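Working notes for the structure below.
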Amino acid sequence: MEIRRTMAKTIIVSNRLPVRLEKQAEKLQFKASEGGLATGLGSIYKEGDNLWIGWPGLEVADNQKTAISEELSQQNMRPVFLTAQELEDYYLGFSNQTLWPAFHYFVQYIQYNEARWVAYRSVNEKFAQAILSYAEPDDVIWVHDYQLMLVPALLREALPEAAIGFFQHIPFPSFEVLRMLPWRQALLEGVLGSDFIGFHTYDDMRHFLSSVHRLTGYVYRANKVNVERRTVAVDALPMGIDYEKYYQKACSREVADKVQEFRSAFGPQRMVLSVDRLDYSKGIPDRLRAYQRFLEENPAYHTKVSLILVVVPSRDQVPSYQQLKDEVDELVGKINGALSTPTWQPVHYFYRSFDLTSLSAFYRLSEVAMITPLRDGMNLVCKEYIASRFEGKGALILSEMAGSAKELSEAILVNPNDKRALAESLLKGLEMPLDEQSHRLKLMQESLRRYTIFQWVKLFNQNLAKTKKEQSILHSTRLKPDKFEPITSAYAASQQKLVFLDYDGTLVPFDKDPEVTIPDKELRNLLQETAAVEQLDLVLISGRPRDFLEKYLGHLPITLAAEHGIWLRTKDEEWQPHAELPDERWKEEARSVIDFYVNRTPGSFLEEKQHALAWHYRSVETGLARLRCSELSSHLKHMLGDKGLEVLEGNAVVEIKPASINKGVIAHNLQRRLKPDFTLAIGDDRTDEDIFEALPAQAFTIKVGDGQTRAQYSLDDHEAVRSLLKALLPADS
């Protein structure tokens, strides 16, 4: 008998599992990770049928894979086994010698290697296949970090309705850097397979949205990107730590004993702590030079202060990392060689990792922590240090370039490229009064205690669930001619009919020159026949000026609404404004702004309507068009947002008009006055969403083209709209 699953599961995916496989005395053993991600997600992947999928940390022989998979399976983990060549090309190669330097702004280290890109794509496909072997359509899948940027889109193709999240743990670069990569668009499209995308900082989120806007053709509004028939949400969620874990550990007896052990080994000096993984983004040589400068400029601190420099080995097979290691070794040797005395060593250098007890002892022992990366997505070490200072003393020197600086503003913030400021920050930290240390620490500790790693996980999952809910609300059913029956039947059975139609993109195709898209003979005949149906009110609502509608459609017995409803002409009345309009002096100011963008943007032009202005850019080069559209919209909103005006971004047009009227107001008023028992509304634009929202639930609403919508249904194009209108005509027409 088949056992049916009753609950959806969560699948976490990262390059590495939260345990790593190590070979000890010819035996393979699993060692748990102490990392923040493993801590925060531990409560999730260990529950029920949930899974964590990733690489186990070591190349595994074929005859060992089954046993390892079974052992991991008992811990709710599934391995993705990688060969030595895959690790060389995908991980050490493309991930860490192409993406890592690009995303950290070290463009001089970027390697452009097509074979490594192929390997990166292949391993991402391997991860996707591993996920799909366990995933079901209603599962939640959370993909982590830059090594797996293609995975979300691969999953979306196979599981179009799945809830897919992606979080980037390193910085996201500006468009100017990202566009240097030949594979930039594929990377963006890969991440956009997600429903919700998270970054540590607002700047990273902003850079991502800007790159999407300029490279993919997708439009975003606020933090939402319209990707074909989905809306993808993007947000900044800074990652926290397990605050109580580090606080309680620092208070423990074993850490107190370890502090005494270190104190006996190091001597009575005041300690400054630096903890980093070996990486050029961490600015370790700059920190050492700043420390050397501090000692040279402050000889009174000789024999009084020492630096504990912990460098955790990382990627030492990569040439640039080997060179960095040599540079650090040389600088430490130079400082100690020049300044050491029989009883004092300026730098205590450790090229190794430490367990949590020893690390916590370093946090307690050190009066000052100096965490000054040149660029860092977040940096949790500084947060761990703050959580460990339970006695209310200690100073944190923190780089402005670390994502954590956005939260820990009470730290001594410093530009790591400012050599003098780095040296001076050490003096400031060492001489900071105790009451000031206590005040700053208290504020930072309160913040970290409130926003922990567990809160971060909860907030990400809430945002992903919220995005999926919004998508379901904005989902429409694609209509084909053989699916018109529900609409045609309701239409035929009704006594009083009301039909709302948009013009551009709905009844006629778009063109670079709006003046070209005049009603053709087929459309004129179709509207004439539709308007002749008894008990039918046909309303055409367009952004077009009233002169255009009057010239080409004024002979028809229909209601016309021009400029999104500012002007209205019913079957029995002349044109009149539908609402009280604001003072028209705004147009002069807006015109000057739009003219500025017309002059800067070849192929664009200004269309002036009686009560609105529109900037058209359909003929503008794609990247430039998106950039100018974003700039102009922001410019107009900033200048004129308090004058009762609305800035609309339509299909290759930015329009500014009075906010007191929109298509929805017209639709609502006519619906209320005419009281039809059948209502149909068809439109393609964001402005038509106002109509869909204003009509009652029983109305038939249809969006033309792709994109999420409040409409119930969607049609492919204007030809499909005409087919539907023909299907509504009486059989003898």
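Note on naming: chains are A, B, ... as they come in the structure tokens, residues start from 1 per chain, ligands start from 1 in the order shown.
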
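Omitting Leu408 of chain A and its sequence neighbours fewer than 4 positions away, and counting only C-alpha atoms, the residues within 12 Å are Pro238, Gly240, Met378, Asn379, Leu380, Cys382, Lys383, Tyr385, Ile386, Ala395, Leu396, Ile397, Leu398, Ser399, Glu400, Ala402, Gly403, Ser404, Ile412, Leu413, Arg440, Leu441, Lys442, Leu443, Met444, Gln445, Glu446, Ser447 and Leu448 of chain A.
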
Report the residues of segment 41-98 of chain A whose backbone DSSP state falls under helix (DSSP H, G or I), written as a PDB file with N, CA and C atoms, in the first residue's frame.
ATOM      1  N   LEU A  41      20.139  26.790  11.260  1.00  0.00           N
ATOM      2  CA  LEU A  41      19.267  25.912  10.493  1.00  0.00           C
ATOM      3  C   LEU A  41      19.171  24.513  11.100  1.00  0.00           C
ATOM      4  N   GLY A  42      19.923  24.292  12.180  1.00  0.00           N
ATOM      5  CA  GLY A  42      19.908  22.972  12.801  1.00  0.00           C
ATOM      6  C   GLY A  42      18.533  22.541  13.248  1.00  0.00           C
ATOM      7  N   SER A  43      17.761  23.477  13.775  1.00  0.00           N
ATOM      8  CA  SER A  43      16.426  23.133  14.268  1.00  0.00           C
ATOM      9  C   SER A  43      15.459  22.826  13.135  1.00  0.00           C
ATOM     10  N   ILE A  44      15.823  23.218  11.909  1.00  0.00           N
ATOM     11  CA  ILE A  44      14.931  22.991  10.768  1.00  0.00           C
ATOM     12  C   ILE A  44      15.222  21.657  10.093  1.00  0.00           C
ATOM     13  N   TYR A  45      16.494  21.458   9.707  1.00  0.00           N
ATOM     14  CA  TYR A  45      16.761  20.279   8.876  1.00  0.00           C
ATOM     15  C   TYR A  45      16.659  18.964   9.657  1.00  0.00           C
ATOM     16  N   ASP A  62      34.248   5.504  -4.817  1.00  0.00           N
ATOM     17  CA  ASP A  62      32.943   4.946  -5.183  1.00  0.00           C
ATOM     18  C   ASP A  62      32.468   3.889  -4.196  1.00  0.00           C
ATOM     19  N   ASN A  63      33.386   3.046  -3.703  1.00  0.00           N
ATOM     20  CA  ASN A  63      32.979   1.957  -2.813  1.00  0.00           C
ATOM     21  C   ASN A  63      32.630   2.430  -1.401  1.00  0.00           C
ATOM     22  N   GLN A  64      32.814   3.719  -1.142  1.00  0.00           N
ATOM     23  CA  GLN A  64      32.474   4.261   0.182  1.00  0.00           C
ATOM     24  C   GLN A  64      31.195   5.099   0.167  1.00  0.00           C
ATOM     25  N   LYS A  65      30.706   5.414  -1.023  1.00  0.00           N
ATOM     26  CA  LYS A  65      29.598   6.361  -1.134  1.00  0.00           C
ATOM     27  C   LYS A  65      28.309   5.853  -0.496  1.00  0.00           C
ATOM     28  N   THR A  66      28.016   4.565  -0.664  1.00  0.00           N
ATOM     29  CA  THR A  66      26.772   4.025  -0.117  1.00  0.00           C
ATOM     30  C   THR A  66      26.754   4.117   1.404  1.00  0.00           C
ATOM     31  N   ALA A  67      27.844   3.729   2.033  1.00  0.00           N
ATOM     32  CA  ALA A  67      27.907   3.754   3.499  1.00  0.00           C
ATOM     33  C   ALA A  67      27.811   5.182   4.028  1.00  0.00           C
ATOM     34  N   ILE A  68      28.485   6.107   3.360  1.00  0.00           N
ATOM     35  CA  ILE A  68      28.444   7.510   3.791  1.00  0.00           C
ATOM     36  C   ILE A  68      27.048   8.082   3.613  1.00  0.00           C
ATOM     37  N   SER A  69      26.412   7.763   2.501  1.00  0.00           N
ATOM     38  CA  SER A  69      25.052   8.251   2.252  1.00  0.00           C
ATOM     39  C   SER A  69      24.084   7.740   3.311  1.00  0.00           C
ATOM     40  N   GLU A  70      24.237   6.474   3.693  1.00  0.00           N
ATOM     41  CA  GLU A  70      23.342   5.901   4.696  1.00  0.00           C
ATOM     42  C   GLU A  70      23.548   6.562   6.056  1.00  0.00           C
ATOM     43  N   GLU A  71      24.822   6.806   6.408  1.00  0.00           N
ATOM     44  CA  GLU A  71      25.093   7.443   7.690  1.00  0.00           C
ATOM     45  C   GLU A  71      24.555   8.868   7.719  1.00  0.00           C
ATOM     46  N   LEU A  72      24.730   9.613   6.618  1.00  0.00           N
ATOM     47  CA  LEU A  72      24.207  10.977   6.546  1.00  0.00           C
ATOM     48  C   LEU A  72      22.686  10.985   6.558  1.00  0.00           C
ATOM     49  N   SER A  73      22.095   9.994   5.926  1.00  0.00           N
ATOM     50  CA  SER A  73      20.637   9.918   5.859  1.00  0.00           C
ATOM     51  C   SER A  73      20.024   9.833   7.254  1.00  0.00           C
ATOM     52  N   ALA A  84      37.616  15.378  -7.658  1.00  0.00           N
ATOM     53  CA  ALA A  84      38.714  16.333  -7.451  1.00  0.00           C
ATOM     54  C   ALA A  84      38.739  17.372  -8.563  1.00  0.00           C
ATOM     55  N   GLN A  85      38.444  16.952  -9.793  1.00  0.00           N
ATOM     56  CA  GLN A  85      38.454  17.891 -10.911  1.00  0.00           C
ATOM     57  C   GLN A  85      37.308  18.885 -10.806  1.00  0.00           C
ATOM     58  N   GLU A  86      36.133  18.413 -10.365  1.00  0.00           N
ATOM     59  CA  GLU A  86      35.004  19.321 -10.171  1.00  0.00           C
ATOM     60  C   GLU A  86      35.316  20.349  -9.087  1.00  0.00           C
ATOM     61  N   LEU A  87      35.931  19.892  -8.012  1.00  0.00           N
ATOM     62  CA  LEU A  87      36.305  20.820  -6.940  1.00  0.00           C
ATOM     63  C   LEU A  87      37.315  21.845  -7.436  1.00  0.00           C
ATOM     64  N   GLU A  88      38.233  21.396  -8.261  1.00  0.00           N
ATOM     65  CA  GLU A  88      39.257  22.300  -8.795  1.00  0.00           C
ATOM     66  C   GLU A  88      38.631  23.368  -9.691  1.00  0.00           C
ATOM     67  N   ASP A  89      37.737  22.962 -10.571  1.00  0.00           N
ATOM     68  CA  ASP A  89      37.204  23.897 -11.568  1.00  0.00           C
ATOM     69  C   ASP A  89      35.983  24.675 -11.067  1.00  0.00           C
ATOM     70  N   TYR A  90      35.081  23.998 -10.381  1.00  0.00           N
ATOM     71  CA  TYR A  90      33.841  24.642  -9.920  1.00  0.00           C
ATOM     72  C   TYR A  90      34.063  25.458  -8.649  1.00  0.00           C
ATOM     73  N   TYR A  91      34.741  24.847  -7.665  1.00  0.00           N
ATOM     74  CA  TYR A  91      34.861  25.503  -6.363  1.00  0.00           C
ATOM     75  C   TYR A  91      36.082  26.415  -6.287  1.00  0.00           C
ATOM     76  N   LEU A  92      37.271  25.823  -6.363  1.00  0.00           N
ATOM     77  CA  LEU A  92      38.483  26.645  -6.302  1.00  0.00           C
ATOM     78  C   LEU A  92      38.608  27.538  -7.530  1.00  0.00           C
ATOM     79  N   GLY A  93      38.075  27.069  -8.648  1.00  0.00           N
ATOM     80  CA  GLY A  93      38.191  27.819  -9.895  1.00  0.00           C
ATOM     81  C   GLY A  93      37.159  28.915 -10.044  1.00  0.00           C
ATOM     82  N   PHE A  94      35.987  28.579 -10.587  1.00  0.00           N
ATOM     83  CA  PHE A  94      35.014  29.613 -10.919  1.00  0.00           C
ATOM     84  C   PHE A  94      34.451  30.311  -9.681  1.00  0.00           C
ATOM     85  N   SER A  95      34.065  29.535  -8.663  1.00  0.00           N
ATOM     86  CA  SER A  95      33.458  30.153  -7.473  1.00  0.00           C
ATOM     87  C   SER A  95      34.419  31.111  -6.782  1.00  0.00           C
ATOM     88  N   ASN A  96      35.675  30.662  -6.607  1.00  0.00           N
ATOM     89  CA  ASN A  96      36.589  31.419  -5.763  1.00  0.00           C
ATOM     90  C   ASN A  96      37.674  32.191  -6.501  1.00  0.00           C
ATOM     91  N   GLN A  97      37.780  32.014  -7.818  1.00  0.00           N
ATOM     92  CA  GLN A  97      38.726  32.830  -8.567  1.00  0.00           C
ATOM     93  C   GLN A  97      38.050  33.680  -9.643  1.00  0.00           C
ATOM     94  N   THR A  98      36.721  33.559  -9.714  1.00  0.00           N
ATOM     95  CA  THR A  98      35.945  34.430 -10.602  1.00  0.00           C
ATOM     96  C   THR A  98      34.881  35.191  -9.800  1.00  0.00           C
TER      97      THR A  98
END

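In this comparison, which uses only C-alpha atoms, the residue of A:Leu339, A:Ile487, A:Leu540, A:Ala614 approaching Ala727 of chain A most closely is A:Ile487.
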
Leu613 of chain A environment, 9 Å, only C-alpha atoms, sequence neighbours closer than 2 positions dropped, as a PyMOL selection string = chain A and resi 587+590-591+594+606-611+615+654-657

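Between Phe172 of chain A and the residues A:Tyr105, A:Tyr713, A:Phe266, A:Trp586, the shortest atom-to-atom distance, using only C-alpha atoms, involves A:Tyr105.
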
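The nearest approach to Glu522 of chain A among the residues A:Ala338, A:Leu507, A:Val311, A:Cys251, with only C-alpha atoms taken into account, belongs to A:Leu507.
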